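Here the structure is laid out as C-alpha cells; the discussion comes afterwards.
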Amino acid sequence: MMMTDSQLKNLDSDEQLVRTLNDKLVFQDQALDLSYDSLGDAGVMLLARTKDLSHVTLLDLSWNNIGDLGVRALAQCPTLKNLTHLNLDSNAIGDDGARALAESSHLPNLRQIRLINNQVGDSGALHLVKSRSLNALEFLELELNRIGETRLTLFPDGTANAALRRLNLRKNKIGNETLSDWLQTGAFVPLNHLNLGWNTLDDTGAKMLANSRTVSNLEQLFLDSNAIGNDGALALSQSKNLAQLRELFMLDNEFRRSGEDALNDLHLRQLVDRHLQGTTLNLNGRRLGNKGLAALARSDALQKVETLLLRNNHFDHKGLQALVQSEHAKNIKSLNLMQNTIGNKGMMVLAESAPFNGLTTLNLESTGIKSSGLLALAVSKQFPQLESLNLSNNELGDRGMEFLGAAENFKLKQLFVWRIGMSDAGLAALARSKFLDLEELRLNNNGVTPKGIHALATSNHFSTLKKLDLRGNRFSVNTFVLFTESPEFKALEEFRF
C-alpha cells in the first residue's frame, strides 16, 4: 500500500525531528538550546520520553509552539532531575501546563522558570507560586500572560514557596481586584523582587500594597506604567510594611509634585540606609538629578554626614542651590561634586553657602566652571577652613590661576589643577602667591614650558611642598635638578615629571 503525500510529509518531519534532537544531544552539554526548532508538543514528548536528559541543567524550549500537552510530558520526565533553569518563553502554555510543572516530582533542583509570553492565568500562576514540589524555585517569570484577565473564585491551598525570591508579573492585566486576591493568598510573602509594571493598578491598588504585611520582605518593587496618582504615591512612601525596600520604580504614572517629592524622599532614605558608612555618605553615580538632590537636602540624615560624595549625579546649579540651603548640611567637611555640570552659576551658589563654612575638602573636577566662576570662590569668605581643592578638567586657564593665587580667605594645602588650559603665566601666578601653603600640587597635562617651571622652582613660597606632579608638560634637561637641589624645596618627598 502506497503512502499518501501527507503521510510522507509527516514521516519526513518526524525523521528531521529525530535528527535535530540527536544532533543537539550528541555532545552531552549541560545547556541544551532547542529554541526556535519548531518541536511542538510531539517533539517535546519525544524528547521527554525517549532521551536521557540527566546531564542537562539548562533547557531552552522558547519559541517552539508548545502547549500544555508538551509541558505535561516534560513535567513527567524522570531524567530532568538535575535541571535548574527552564525557558519556555513564547509558546502556547496555559494553566494546565503551569499546574503540571507545579505538581511535578521530577524537578527538585529547578531554580528558574521562564514562561514569558504564554497563556497562563491566575490559577496556573498561583499553583507555581505555591508549589509544594518545586522546593528550589527562586525565579518565576510570568510577563505577558493572562493574569488578571478572569478573576478566580477558587484559589490553590497552602503558602507561597519559601524559596521564591523573584516574581515577574509585568504586562499582564492585573487590576485592584486581582491584586487584592493575590495579597490575600500570601503569594508575595517570600519575595525580595516583585514586578507589577504595565498593569492597571491605581491609587487603591497602591494603598493595598502599602497596607499589606505580605510585602514586608520586598527589596525591589516595580510599578512602572500603571495609573497610580498622588494618594497612592504618598501611601507607598509612608508605608511601614515596605521598610526593607531599597528600590521603587514608578515611571509613567499619574502622581503630581507632592507625590513625586514623597517618592524621591523614600528613594533617598533607601540610598542613605544602604550607603551611609559612619559619617561618609557615598552617592556617586546614583543619577539623583536636581530633584534627588532636593530630597537629600530635605533629609535630616544629612546631619550625620561629614563626607558627601556626589560624583556623576546629573544635577546642575539648581540642585546645588537646594543642597546649600539645607539646614541639615552644616556638618559637611568634604564635598565631591565631580562630573556634575554646575558651571559658573553653581560656583556663585557655593560662594554664598554659609552651611558649608566648615568645608575642608572640595572636588570640582569636570564641573563646567570657568575663570569667572573660580573668581566667585576665590573672593568668598565662606570657606575659611578649605585645605584641599580639585579644579581639574575645567577651562580655567591662566586667568583662573591668577584669581586663585590672589585668594586670601583660605590657605590651601592640596591643589589639583591638571588639564585646565594653564600656560607659563598661570603657573607663574601660583608661584607668586603669598596665600598658598601647599603640601601637594598636581598640574599634569597643561601647556607649561621650562619658563613656567623655572618660575615655580625659584619661588620662595613652596617650602612646605611634599608632592609635586608635572607630568604631561614640557621640560628642560635640568628640570629634575631645579627641584631636587633647590634650597626652597627641602620638604619635597615625591616628584613626578
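Convention: chains lettered A, B, ... in C-alpha cells order; per-chain residue numbering from 1; ligands numbered from 1 as shown.
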
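Running DSSP on the backbone and keeping only strand (DSSP E or B), the residues of segment 350-481 of chain A that qualify are Thr361, Leu362, Asn363, Lys370, Ser388, Leu389, Asn390, Glu395, Gln414, Leu415, Phe416, Glu440, Leu441, Arg442, Lys467, Leu468 and Asp469 of chain A.
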
N, CA and C atoms of the current selection, written as a CSV table (one decimal), in the first residue's frame:
```csv
chain,number,residue,atom,x,y,z
A,361,THR,N,37.6,70.1,52.3
A,361,THR,CA,37.9,69.4,51.0
A,361,THR,C,36.8,69.6,50.0
A,362,LEU,N,37.1,70.1,48.8
A,362,LEU,CA,36.1,70.4,47.8
A,362,LEU,C,36.7,69.9,46.4
A,363,ASN,N,35.9,69.0,45.8
A,363,ASN,CA,36.3,68.4,44.5
A,363,ASN,C,35.3,69.0,43.4
A,370,LYS,N,34.4,78.0,34.8
A,370,LYS,CA,35.5,78.8,34.1
A,370,LYS,C,36.0,79.8,35.0
A,388,SER,N,41.9,71.5,50.8
A,388,SER,CA,42.1,70.7,49.6
A,388,SER,C,41.1,71.1,48.5
A,389,LEU,N,41.6,71.4,47.3
A,389,LEU,CA,40.8,71.9,46.2
A,389,LEU,C,41.2,71.2,44.9
A,390,ASN,N,40.2,70.6,44.3
A,390,ASN,CA,40.4,69.9,43.0
A,390,ASN,C,39.6,70.7,41.9
A,395,GLU,N,37.9,74.6,32.1
A,395,GLU,CA,38.5,75.6,31.3
A,395,GLU,C,38.8,76.9,32.1
A,414,GLN,N,46.4,71.3,49.5
A,414,GLN,CA,46.4,70.4,48.3
A,414,GLN,C,45.7,71.2,47.2
A,415,LEU,N,46.3,71.1,46.0
A,415,LEU,CA,45.7,71.8,44.9
A,415,LEU,C,45.9,70.9,43.7
A,416,PHE,N,44.8,70.5,43.0
A,416,PHE,CA,44.8,69.7,41.8
A,416,PHE,C,44.3,70.5,40.6
A,440,GLU,N,50.9,69.6,48.5
A,440,GLU,CA,50.7,68.8,47.3
A,440,GLU,C,50.2,69.7,46.2
A,441,LEU,N,50.9,69.6,45.0
A,441,LEU,CA,50.5,70.3,43.9
A,441,LEU,C,50.6,69.4,42.6
A,442,ARG,N,49.4,69.2,41.9
A,442,ARG,CA,49.4,68.4,40.8
A,442,ARG,C,48.8,69.2,39.6
A,467,LYS,N,54.7,67.0,47.7
A,467,LYS,CA,54.3,66.2,46.5
A,467,LYS,C,54.1,67.2,45.3
A,468,LEU,N,54.8,66.9,44.2
A,468,LEU,CA,54.7,67.7,43.0
A,468,LEU,C,54.6,66.8,41.8
A,469,ASP,N,53.6,67.1,41.0
A,469,ASP,CA,53.4,66.3,39.8
A,469,ASP,C,53.3,67.2,38.6
```

Q.
Using only C-alpha atoms, which protein or nucleic acid residues come within 10 Å of Ala48 of chain A? Drop anything in the same chain fewer than 2 positions from it, and give the result as a ChimeraX atom specification.
A. /A:42-46,50-53,70-80

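Here the question is which of A:Leu21, A:Ala295, A:Ile369, A:Leu359 gets nearest to Leu34 of chain A using only C-alpha atoms, and that residue is A:Leu21.
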
Q.
Counting only C-alpha atoms, which residue out of A:Phe480, A:Phe315, A:Trp418, A:Phe489 sits closest to Asn460 of chain A?
A.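 Closest to Asn460 of chain A, using only C-alpha atoms: A:Phe489.
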
Q: Using only C-alpha atoms, pick whichever of A:Asp224, A:Asp23, A:Asp157, A:Asp202 has the shortest atom-to-atom distance to Arg170 of chain A.
A: A:Asp224

Q) Which distance in Å separates atom CA of Val189 of chain A and atom CA of Asn118 of chain A, to one decimal? A)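 Atom CA of Val189 of chain A sits 24.8 Å away from atom CA of Asn118 of chain A.
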